[in-house]
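Coordinates from work_2.tsv are shown below (TSV, C-alpha atoms).
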chain	number	residue	atom	x	y	z
A	1	MET	CA	-51.11	-12.35	85.24
A	2	ALA	CA	-54.20	-10.81	83.77
A	3	GLU	CA	-52.24	-7.66	83.13
A	4	GLU	CA	-49.52	-9.58	81.32
A	5	ALA	CA	-52.11	-11.31	79.13
A	6	ASP	CA	-53.54	-7.90	78.33
A	7	ILE	CA	-50.18	-6.59	77.24
A	8	ILE	CA	-49.58	-9.62	75.04
A	9	LYS	CA	-53.00	-9.26	73.48
A	10	ARG	CA	-52.46	-5.57	72.84
A	11	THR	CA	-49.06	-6.20	71.24
A	12	ASN	CA	-50.50	-8.93	69.05
A	13	ASP	CA	-53.41	-6.73	68.02
A	14	GLU	CA	-51.01	-3.97	67.06
A	15	LEU	CA	-48.91	-6.38	65.03
A	16	PHE	CA	-52.04	-7.65	63.32
A	17	GLU	CA	-53.20	-4.15	62.39
A	18	ARG	CA	-49.79	-2.88	61.36
A	19	GLU	CA	-48.25	-5.85	59.53
A	20	PHE	CA	-51.05	-8.20	58.55
A	21	LEU	CA	-54.18	-6.22	57.65
A	22	PRO	CA	-52.42	-3.97	55.10
A	23	GLN	CA	-51.90	-7.14	53.00
A	24	VAL	CA	-55.65	-7.65	52.58
A	25	GLU	CA	-55.80	-6.41	48.99
A	26	ALA	CA	-52.89	-8.52	47.82
A	27	LEU	CA	-54.31	-11.57	49.57
A	28	TYR	CA	-57.77	-11.03	48.13
A	29	ASN	CA	-56.39	-10.68	44.63
A	30	PHE	CA	-54.40	-13.89	45.00
A	31	ALA	CA	-57.43	-15.68	46.47
A	32	PHE	CA	-59.63	-14.43	43.66
A	33	HIS	CA	-57.27	-15.74	41.01
A	34	LEU	CA	-57.04	-19.08	42.79
A	35	THR	CA	-60.76	-19.60	43.33
A	36	TYR	CA	-62.06	-17.49	40.42
A	37	ASN	CA	-65.04	-16.72	42.62
A	38	GLU	CA	-65.68	-13.65	44.78
A	39	GLU	CA	-67.46	-15.47	47.58
A	40	ASP	CA	-64.81	-18.17	47.93
A	41	ALA	CA	-62.07	-15.56	47.76
A	42	ASN	CA	-63.77	-13.61	50.53
A	43	ASP	CA	-64.03	-16.73	52.74
A	44	LEU	CA	-60.47	-17.76	51.98
A	45	VAL	CA	-59.10	-14.35	52.97
A	46	GLN	CA	-61.14	-14.25	56.19
A	47	ASP	CA	-59.97	-17.73	57.14
A	48	THR	CA	-56.40	-16.73	56.38
A	49	PHE	CA	-56.56	-13.77	58.77
A	50	LEU	CA	-58.23	-15.86	61.46
A	51	LYS	CA	-55.47	-18.46	61.22
A	52	ALA	CA	-52.84	-15.73	61.21
A	53	TYR	CA	-54.29	-14.27	64.39
A	54	ARG	CA	-54.59	-17.65	66.05
A	55	PHE	CA	-51.01	-18.56	65.23
A	56	ILE	CA	-49.60	-15.07	65.62
A	57	ASN	CA	-47.03	-16.33	68.13
A	58	SER	CA	-45.44	-18.53	65.50
A	59	TYR	CA	-44.85	-15.50	63.28
A	60	GLU	CA	-41.29	-14.31	63.68
A	61	ARG	CA	-41.37	-10.56	64.05
A	62	GLY	CA	-39.36	-8.67	61.50
A	63	THR	CA	-39.62	-11.45	58.90
A	64	ASN	CA	-41.68	-11.18	55.74
A	65	ALA	CA	-45.29	-10.91	56.93
A	66	LYS	CA	-46.64	-10.85	53.41
A	67	ALA	CA	-44.92	-14.12	52.47
A	68	TRP	CA	-46.09	-15.70	55.72
A	69	LEU	CA	-49.72	-14.73	55.03
A	70	PHE	CA	-49.52	-15.90	51.43
A	71	LYS	CA	-48.30	-19.26	52.64
A	72	ILE	CA	-51.24	-19.59	55.03
A	73	LEU	CA	-53.65	-18.64	52.25
A	74	LYS	CA	-52.11	-21.03	49.76
A	75	ASN	CA	-52.22	-23.91	52.26
A	76	GLY	CA	-55.82	-23.09	53.10
A	77	PHE	CA	-56.69	-23.14	49.44
A	78	ILE	CA	-54.98	-26.48	48.88
A	79	ASN	CA	-56.60	-28.06	51.93
A	80	GLU	CA	-60.11	-26.71	51.79
A	81	TYR	CA	-61.00	-25.31	48.41
A	82	ARG	CA	-59.07	-27.23	45.86
A	83	ARG	CA	-60.60	-30.55	46.82
A	84	GLN	CA	-64.10	-29.14	46.47
A	85	THR	CA	-63.66	-27.95	42.93
A	86	ARG	CA	-63.91	-31.47	41.51
A	87	LEU	CA	-61.36	-30.66	38.89
A	88	PRO	CA	-59.72	-33.58	37.15
A	89	LYS	CA	-56.59	-34.65	38.93
A	90	GLU	CA	-53.71	-32.27	38.33
A	91	VAL	CA	-51.23	-33.64	35.88
A	92	ASP	CA	-47.77	-34.02	37.33
A	93	TYR	CA	-45.84	-31.64	35.16
A	94	GLU	CA	-42.72	-31.76	37.27
A	95	GLU	CA	-41.25	-34.71	35.47
A	96	PHE	CA	-41.35	-33.32	32.01
A	97	LEU	CA	-40.42	-29.89	33.21
A	98	THR	CA	-37.12	-30.82	34.78
A	99	TYR	CA	-35.38	-31.15	31.46
A	100	GLN	CA	-36.34	-27.68	30.34
A	101	GLU	CA	-35.01	-25.80	33.31
A	102	THR	CA	-33.54	-23.11	31.16
A	103	ASP	CA	-35.27	-20.52	29.09
A	104	ASP	CA	-33.84	-20.50	25.62
A	105	GLY	CA	-36.76	-18.42	24.43
A	106	SER	CA	-37.27	-20.62	21.42
A	107	ASP	CA	-39.91	-23.18	22.35
A	108	VAL	CA	-43.08	-21.24	21.65
A	109	GLY	CA	-41.54	-18.24	20.02
A	110	GLU	CA	-42.20	-14.73	21.14
A	111	LEU	CA	-45.30	-12.78	21.80
A	112	ASP	CA	-44.51	-9.36	20.51
A	113	LEU	CA	-47.11	-7.08	22.01
A	114	ARG	CA	-46.17	-4.33	19.62
A	115	ASP	CA	-47.83	-6.43	16.96
A	116	ASP	CA	-51.20	-4.94	15.95
A	117	LEU	CA	-52.77	-8.29	16.72
A	118	PHE	CA	-52.50	-7.61	20.44
A	119	LYS	CA	-53.54	-3.99	20.56
A	120	GLY	CA	-57.10	-4.89	21.53
A	121	LEU	CA	-56.33	-7.45	24.21
A	122	ILE	CA	-57.86	-6.26	27.44
A	123	GLY	CA	-57.64	-7.24	31.07
A	124	ASP	CA	-60.59	-9.63	30.93
A	125	GLU	CA	-58.91	-11.88	28.40
A	126	VAL	CA	-55.70	-11.91	30.37
A	127	THR	CA	-57.58	-12.79	33.55
A	128	LYS	CA	-59.41	-15.53	31.66
A	129	ALA	CA	-56.16	-16.89	30.26
A	130	VAL	CA	-54.46	-16.92	33.64
A	131	ASN	CA	-57.44	-18.65	35.23
A	132	GLU	CA	-57.22	-21.40	32.66
A	133	LEU	CA	-53.66	-22.20	33.64
A	134	PRO	CA	-53.20	-25.28	35.84
A	135	VAL	CA	-53.18	-24.01	39.40
A	136	ASP	CA	-49.49	-24.77	39.98
A	137	PHE	CA	-48.49	-22.55	37.07
A	138	ARG	CA	-51.06	-19.87	37.89
A	139	THR	CA	-49.70	-19.63	41.43
A	140	VAL	CA	-46.08	-18.94	40.48
A	141	LEU	CA	-47.11	-16.47	37.82
A	142	LEU	CA	-49.25	-14.44	40.21
A	143	LEU	CA	-46.67	-14.53	42.98
A	144	CYS	CA	-43.91	-13.38	40.66
A	145	ASP	CA	-45.51	-11.03	38.16
A	146	VAL	CA	-48.29	-9.52	40.25
A	147	GLU	CA	-46.90	-9.62	43.78
A	148	GLY	CA	-43.23	-9.32	42.93
A	149	PHE	CA	-41.99	-12.05	45.28
A	150	THR	CA	-38.47	-13.33	44.66
A	151	TYR	CA	-37.93	-16.92	43.51
A	152	GLU	CA	-36.67	-17.72	46.99
A	153	GLU	CA	-39.81	-16.34	48.64
A	154	ILE	CA	-42.03	-18.20	46.17
A	155	ALA	CA	-40.12	-21.42	46.87
A	156	LYS	CA	-40.86	-20.99	50.58
A	157	ILE	CA	-44.51	-20.06	50.07
A	158	ILE	CA	-45.28	-23.15	48.00
A	159	ASP	CA	-42.66	-25.51	49.39
A	160	ILE	CA	-40.91	-26.33	46.15
A	161	PRO	CA	-37.24	-25.99	45.11
A	162	ILE	CA	-36.12	-22.76	43.44
A	163	GLY	CA	-35.35	-24.66	40.23
A	164	THR	CA	-38.98	-25.74	40.12
A	165	VAL	CA	-40.15	-22.17	40.63
A	166	ARG	CA	-38.06	-21.19	37.64
A	167	SER	CA	-39.27	-24.00	35.39
A	168	ARG	CA	-42.92	-23.44	36.35
A	169	LEU	CA	-42.64	-19.72	35.66
A	170	HIS	CA	-41.07	-20.40	32.30
A	171	ARG	CA	-43.83	-22.81	31.41
A	172	ALA	CA	-46.56	-20.53	32.79
A	173	ARG	CA	-45.40	-17.62	30.65
A	174	ASN	CA	-45.19	-19.77	27.56
A	175	LEU	CA	-48.72	-21.06	28.17
A	176	MET	CA	-49.92	-17.47	28.57
A	177	LYS	CA	-48.32	-16.50	25.27
A	178	GLU	CA	-50.02	-19.39	23.50
A	179	LYS	CA	-53.41	-18.55	25.00
A	180	LEU	CA	-53.19	-14.84	24.33
A	181	ARG	CA	-52.11	-15.45	20.78
A	182	ASP	CA	-55.12	-17.75	20.31
A	183	TYR	CA	-57.52	-15.22	21.83
A	184	ALA	CA	-56.18	-12.42	19.72
A	185	LYS	CA	-56.60	-14.49	16.59
A	186	GLN	CA	-60.08	-15.75	17.50
A	187	MET	CA	-61.30	-12.29	18.27
A	188	GLY	CA	-59.97	-10.93	15.05
A	189	TYR	CA	-58.37	-7.89	16.56
A	190	LYS	CA	-56.25	-7.54	13.49
A	191	GLU	CA	-59.28	-6.39	11.52
A	192	ASN	CA	-60.66	-4.20	14.30
A	193	ARG	CA	-57.20	-2.82	14.88
B	1	MET	CA	-35.14	4.15	20.72
B	2	GLN	CA	-34.62	5.52	24.18
B	3	ASN	CA	-34.01	2.87	26.79
B	4	LYS	CA	-35.57	3.61	30.16
B	5	TRP	CA	-33.15	1.44	32.08
B	6	GLY	CA	-30.17	3.14	30.56
B	7	ILE	CA	-28.73	-0.18	29.46
B	8	LYS	CA	-26.35	1.35	27.00
B	9	LYS	CA	-24.89	3.74	29.46
B	10	ILE	CA	-24.36	1.10	32.12
B	11	ALA	CA	-22.95	-1.31	29.59
B	12	GLU	CA	-20.48	1.20	28.23
B	13	THR	CA	-19.21	1.99	31.68
B	14	LEU	CA	-18.67	-1.62	32.58
B	15	SER	CA	-17.67	-3.08	29.27
B	16	PHE	CA	-13.96	-2.45	29.46
B	17	LYS	CA	-13.55	-3.85	32.94
B	18	LEU	CA	-15.45	-7.03	32.21
B	19	LYS	CA	-13.73	-7.64	28.92
B	20	LYS	CA	-10.49	-7.60	30.81
B	21	GLN	CA	-11.87	-10.17	33.24
B	22	GLY	CA	-13.14	-12.34	30.41
B	23	ASN	CA	-16.55	-12.21	32.05
B	24	MET	CA	-18.64	-12.21	28.88
B	25	TYR	CA	-21.81	-13.92	27.72
B	26	ASP	CA	-22.53	-15.21	24.24
B	27	CYS	CA	-26.06	-15.17	22.76
B	28	LYS	CA	-27.01	-18.52	24.27
B	29	ALA	CA	-25.84	-17.58	27.75
B	30	THR	CA	-27.69	-14.28	27.44
B	31	LEU	CA	-30.98	-15.69	26.16
B	32	THR	CA	-31.13	-18.35	28.87
B	33	ARG	CA	-30.99	-15.52	31.41
B	34	VAL	CA	-33.63	-13.16	30.01
B	35	MET	CA	-36.36	-14.34	32.35
B	36	MET	CA	-34.16	-14.23	35.43
B	37	ALA	CA	-32.86	-10.81	34.46
B	38	LEU	CA	-36.40	-9.46	34.20
B	39	ASP	CA	-37.33	-11.05	37.51
B	40	GLY	CA	-34.33	-9.47	39.19
B	41	GLU	CA	-32.81	-12.86	39.95
B	42	LEU	CA	-29.33	-12.45	38.46
B	43	THR	CA	-26.32	-11.81	40.63
B	44	GLU	CA	-24.57	-8.51	40.17
B	45	ALA	CA	-21.80	-10.07	38.08
B	46	GLU	CA	-24.27	-11.98	35.92
B	47	GLU	CA	-26.33	-8.87	35.37
B	48	LYS	CA	-23.31	-6.90	34.24
B	49	ALA	CA	-22.26	-9.58	31.74
B	50	PHE	CA	-25.86	-9.79	30.58
B	51	LEU	CA	-26.21	-6.04	29.99
B	52	ILE	CA	-22.92	-5.85	28.15
B	53	HIS	CA	-24.02	-8.53	25.76
B	54	LEU	CA	-27.35	-6.76	25.17
B	55	HIS	CA	-25.48	-3.60	24.34
B	56	GLN	CA	-23.42	-5.38	21.74
B	57	CYS	CA	-26.07	-7.61	20.22
B	58	SER	CA	-29.24	-6.10	18.80
B	59	PRO	CA	-31.07	-9.42	18.16
B	60	CYS	CA	-30.68	-10.31	21.86
B	61	LEU	CA	-31.66	-6.79	22.88
B	62	LYS	CA	-34.79	-7.10	20.77
B	63	LYS	CA	-35.74	-10.41	22.42
B	64	TYR	CA	-35.11	-8.91	25.80
B	65	GLU	CA	-37.33	-5.90	25.04
B	66	ILE	CA	-40.12	-8.17	23.82
B	67	GLU	CA	-40.00	-10.28	26.98
B	68	LYS	CA	-39.83	-7.16	29.11
B	69	SER	CA	-42.96	-5.71	27.55
B	70	PHE	CA	-44.72	-9.06	27.95
B	71	LYS	CA	-43.95	-9.17	31.67
B	72	LYS	CA	-45.06	-5.57	32.07
B	73	PHE	CA	-48.25	-6.34	30.17
B	74	LEU	CA	-49.08	-9.29	32.46
B	75	THR	CA	-48.41	-7.26	35.59
B	76	GLU	CA	-50.60	-4.41	34.43
B	77	LYS	CA	-53.49	-6.54	33.18
B	78	LEU	CA	-53.58	-8.78	36.24
B	79	CYS	CA	-53.95	-5.76	38.45
B	80	ARG	CA	-55.62	-5.99	41.78
B	81	GLN	CA	-59.26	-6.86	42.17
B	82	ARG	CA	-61.24	-4.42	44.26
B	83	ILE	CA	-61.78	-5.93	47.70
B	84	PRO	CA	-65.36	-6.33	48.93
B	85	SER	CA	-66.25	-3.28	51.01
B	86	GLN	CA	-67.06	-5.18	54.20
B	87	LEU	CA	-64.13	-7.57	54.12
B	88	VAL	CA	-61.90	-5.73	56.57
B	89	ASP	CA	-64.80	-5.13	58.99
B	90	GLN	CA	-65.77	-8.80	58.81
B	91	ILE	CA	-62.20	-9.83	59.58
B	92	ARG	CA	-62.02	-7.47	62.57
B	93	ALA	CA	-65.39	-8.69	63.87
B	94	ARG	CA	-64.36	-12.34	63.65
B	95	ILE	CA	-61.01	-11.62	65.30
B	96	SER	CA	-62.58	-9.78	68.20
B	97	SER	CA	-65.08	-12.58	68.71
B	98	ILE	CA	-62.31	-15.17	69.11
B	99	ALA	CA	-59.98	-12.78	70.96
B	100	GLY	CA	-62.63	-11.72	73.44
B	101	SER	CA	-63.80	-15.19	74.36

Same coordinates, now as structure tokens:
Amino acid sequence: MAEEADIIKRTNDELFEREFLPQVEALYNFAFHLTYNEEDANDLVQDTFLKAYRFINSYERGTNAKAWLFKILKNGFINEYRRQTRLPKEVDYEEFLTYQETDDGSDVGELDLRDDLFKGLIGDEVTKAVNELPVDFRTVLLLCDVEGFTYEEIAKIIDIPIGTVRSRLHRARNLMKEKLRDYAKQMGYKENR
Amino acid sequence: MQNKWGIKKIAETLSFKLKKQGNMYDCKATLTRVMMALDGELTEAEEKAFLIHLHQCSPCLKKYEIEKSFKKFLTEKLCRQRIPSQLVDQIRARISSIAGS
């Protein structure tokens, strides 16, 4: 019996090292953009790995370990961190989003990065802009544009329909364009080239 | 302008076949699919019809290129944060403390 338990433990440890730990950078980046705080991101990632190890038997081998870990992290954030941030209650955007499911590209116009106005925009401003997005929009944007998850994977990670993933992404990108355009104008990059 | 994805070449190859099938997109159908195209969410048939339209319509191609560079810009600028140096060790230590008990 003891031998059997040893084998199980060793197999689980191997799985943890091989499939889970290599995702630490991606998870930390996601956690950082959710919490906007290094210490909280650190705690959130550690808790995520502890939960993953504890529930390792409910992970189906051969399935998407990264998506599974992201789901644990996102749930941990919702349950433990989000309620501490004392942010005003999230507006329910779903209702007004449903009618603009499709991207006709015309609602906020385009953000043409070839325009001189945007030449000086740097990473800090983009990080700032993304952190100002409501968390529901920030999440889909990071999962899609930074981590490269498919809509289907994102839908599973955050438990929303694929249509909602699409409409949130559309809205998130439009909000980013508006913010970046505002920053670029405020900072007068046009003059400084 | 050189296109990295070789849109023109692909479109030319497929254009004749799809025209025959009547599988074509107009500007509206194309523009509603720009985001999904960039996210790799179109089916093969949709992607073909999409690329053909881009090849034939420079205003749509321009919009597509603008959106493509915006997505690329976001991806590059939101690049990974450096992880704290002790994070992995801390995780391993906490795991071995629960695993060993």

Dump as a tab-separated table the rows for residues of chain B within 9 Å of chain A: closest atom pair and distance in Å with one decimal, all atoms listed in the file counted, ordered by chain and rising residue number.
residue	atom	partner	partner_atom	distance
B:Lys28	CA	A:Asp104	CA	7.2
B:Ala29	CA	A:Asp104	CA	8.8
B:Thr30	CA	A:Asp104	CA	8.9
B:Leu31	CA	A:Asp104	CA	5.6
B:Thr32	CA	A:Asp103	CA	4.7
B:Arg33	CA	A:Asp103	CA	7.0
B:Val34	CA	A:Asp103	CA	7.6
B:Met35	CA	A:Asp103	CA	7.1
B:Met36	CA	A:Arg166	CA	8.3
B:Asp39	CA	A:Thr150	CA	7.6
B:Gly40	CA	A:Thr150	CA	7.9
B:Glu41	CA	A:Thr150	CA	7.4
B:Lys63	CA	A:Glu110	CA	7.9
B:Ile66	CA	A:Asp112	CA	5.6
B:Glu67	CA	A:Glu110	CA	7.7
B:Ser69	CA	A:Leu113	CA	7.1
B:Phe70	CA	A:Leu113	CA	6.7
B:Lys71	CA	A:Asp145	CA	6.9
B:Lys72	CA	A:Asp145	CA	8.2
B:Phe73	CA	A:Leu113	CA	8.3
B:Leu74	CA	A:Asp145	CA	6.9
B:Thr75	CA	A:Val146	CA	5.2
B:Glu76	CA	A:Val146	CA	8.1
B:Lys77	CA	A:Gly123	CA	4.7
B:Leu78	CA	A:Thr127	CA	6.3
B:Cys79	CA	A:Val146	CA	7.0
B:Arg80	CA	A:Asn29	CA	5.5
B:Gln81	CA	A:Asn29	CA	5.4
B:Arg82	CA	A:Glu25	CA	7.5
B:Ile83	CA	A:Glu25	CA	6.1
B:Pro84	CA	A:Asn42	CA	7.6
B:Leu87	CA	A:Asn42	CA	7.0
B:Val88	CA	A:Val24	CA	7.7
B:Gln90	CA	A:Gln46	CA	7.6
B:Ile91	CA	A:Gln46	CA	5.7
B:Arg94	CA	A:Leu50	CA	7.4
B:Ile95	CA	A:Leu50	CA	6.4
B:Ile98	CA	A:Arg54	CA	8.7
B:Ala99	CA	A:Lys9	CA	8.2

By how many Å are atom CA of A:Glu178 and atom CA of B:Glu65 apart?
18.6 Å

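Between atom CA of B:His53 and atom CA of A:Leu175 lies a distance of 27.8 Å.
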
To one decimal in Å, tell me the separation between atom CA of A:Asp40 and atom CA of A:Leu69.
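These two atoms are separated by 17.0 Å.
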
For B:Leu54, please output as a count of residues only all residues within 12 Å (counting all atoms listed in the file; exclusion window: fewer than 2 positions along the same chain).
36

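Between A:Ala155 and the candidates A:Phe70, A:Ile78, A:Ala129, A:Asn174, the tightest atom-to-atom separation, counting all atoms listed in the file, involves A:Phe70.
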
Mind completing stretch 27-50 of chain B with N, CA, C and O atoms? Output as a CSV table (one decimal), keeping the file's coordinate frame, please?
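What follows is the written file part_16.csv:
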chain,number,residue,atom,x,y,z
B,27,CYS,N,-24.6,-15.3,22.9
B,27,CYS,CA,-26.1,-15.2,22.8
B,27,CYS,C,-26.8,-16.2,23.6
B,27,CYS,O,-27.8,-15.9,24.2
B,28,LYS,N,-26.3,-17.4,23.6
B,28,LYS,CA,-27.0,-18.5,24.3
B,28,LYS,C,-27.1,-18.2,25.8
B,28,LYS,O,-28.1,-18.3,26.4
B,29,ALA,N,-25.9,-17.9,26.3
B,29,ALA,CA,-25.8,-17.6,27.8
B,29,ALA,C,-26.8,-16.4,28.1
B,29,ALA,O,-27.4,-16.4,29.2
B,30,THR,N,-26.9,-15.5,27.2
B,30,THR,CA,-27.7,-14.3,27.4
B,30,THR,C,-29.2,-14.7,27.4
B,30,THR,O,-29.9,-14.3,28.3
B,31,LEU,N,-29.6,-15.4,26.3
B,31,LEU,CA,-31.0,-15.7,26.2
B,31,LEU,C,-31.5,-16.6,27.2
B,31,LEU,O,-32.7,-16.5,27.6
B,32,THR,N,-30.7,-17.5,27.8
B,32,THR,CA,-31.1,-18.4,28.9
B,32,THR,C,-31.3,-17.6,30.2
B,32,THR,O,-32.0,-18.0,31.1
B,33,ARG,N,-30.9,-16.3,30.2
B,33,ARG,CA,-31.0,-15.5,31.4
B,33,ARG,C,-32.0,-14.4,31.3
B,33,ARG,O,-32.1,-13.6,32.2
B,34,VAL,N,-32.7,-14.3,30.2
B,34,VAL,CA,-33.6,-13.2,30.0
B,34,VAL,C,-34.7,-13.1,31.1
B,34,VAL,O,-34.9,-12.1,31.8
B,35,MET,N,-35.3,-14.3,31.4
B,35,MET,CA,-36.4,-14.3,32.4
B,35,MET,C,-35.9,-14.0,33.7
B,35,MET,O,-36.5,-13.2,34.4
B,36,MET,N,-34.7,-14.5,34.1
B,36,MET,CA,-34.2,-14.2,35.4
B,36,MET,C,-33.7,-12.8,35.5
B,36,MET,O,-33.9,-12.2,36.6
B,37,ALA,N,-33.3,-12.2,34.4
B,37,ALA,CA,-32.9,-10.8,34.5
B,37,ALA,C,-34.1,-9.9,34.7
B,37,ALA,O,-34.1,-9.0,35.6
B,38,LEU,N,-35.2,-10.3,34.0
B,38,LEU,CA,-36.4,-9.5,34.2
B,38,LEU,C,-37.0,-9.6,35.6
B,38,LEU,O,-37.6,-8.7,36.1
B,39,ASP,N,-36.8,-10.8,36.2
B,39,ASP,CA,-37.3,-11.0,37.5
B,39,ASP,C,-36.4,-10.6,38.6
B,39,ASP,O,-36.6,-10.8,39.8
B,40,GLY,N,-35.3,-10.0,38.2
B,40,GLY,CA,-34.3,-9.5,39.2
B,40,GLY,C,-33.6,-10.6,39.9
B,40,GLY,O,-33.2,-10.4,41.1
B,41,GLU,N,-33.4,-11.7,39.3
B,41,GLU,CA,-32.8,-12.9,40.0
B,41,GLU,C,-31.3,-13.1,39.6
B,41,GLU,O,-30.8,-14.1,40.0
B,42,LEU,N,-30.7,-12.2,38.8
B,42,LEU,CA,-29.3,-12.4,38.5
B,42,LEU,C,-28.5,-11.9,39.6
B,42,LEU,O,-28.8,-10.9,40.2
B,43,THR,N,-27.3,-12.4,39.7
B,43,THR,CA,-26.3,-11.8,40.6
B,43,THR,C,-25.8,-10.6,40.0
B,43,THR,O,-26.0,-10.4,38.7
B,44,GLU,N,-25.1,-9.8,40.7
B,44,GLU,CA,-24.6,-8.5,40.2
B,44,GLU,C,-23.6,-8.8,39.0
B,44,GLU,O,-23.7,-8.1,37.9
B,45,ALA,N,-22.8,-9.7,39.1
B,45,ALA,CA,-21.8,-10.1,38.1
B,45,ALA,C,-22.5,-10.6,36.8
B,45,ALA,O,-22.2,-10.2,35.7
B,46,GLU,N,-23.5,-11.4,37.1
B,46,GLU,CA,-24.3,-12.0,35.9
B,46,GLU,C,-25.0,-10.9,35.2
B,46,GLU,O,-25.1,-10.8,34.0
B,47,GLU,N,-25.6,-10.0,36.0
B,47,GLU,CA,-26.3,-8.9,35.4
B,47,GLU,C,-25.4,-8.0,34.5
B,47,GLU,O,-25.8,-7.5,33.4
B,48,LYS,N,-24.3,-7.7,35.0
B,48,LYS,CA,-23.3,-6.9,34.2
B,48,LYS,C,-23.0,-7.6,32.9
B,48,LYS,O,-23.1,-6.9,31.8
B,49,ALA,N,-22.6,-8.9,33.0
B,49,ALA,CA,-22.3,-9.6,31.7
B,49,ALA,C,-23.5,-9.6,30.8
B,49,ALA,O,-23.3,-9.5,29.6
B,50,PHE,N,-24.6,-9.8,31.4
B,50,PHE,CA,-25.9,-9.8,30.6
B,50,PHE,C,-26.1,-8.5,29.8
B,50,PHE,O,-26.3,-8.4,28.6
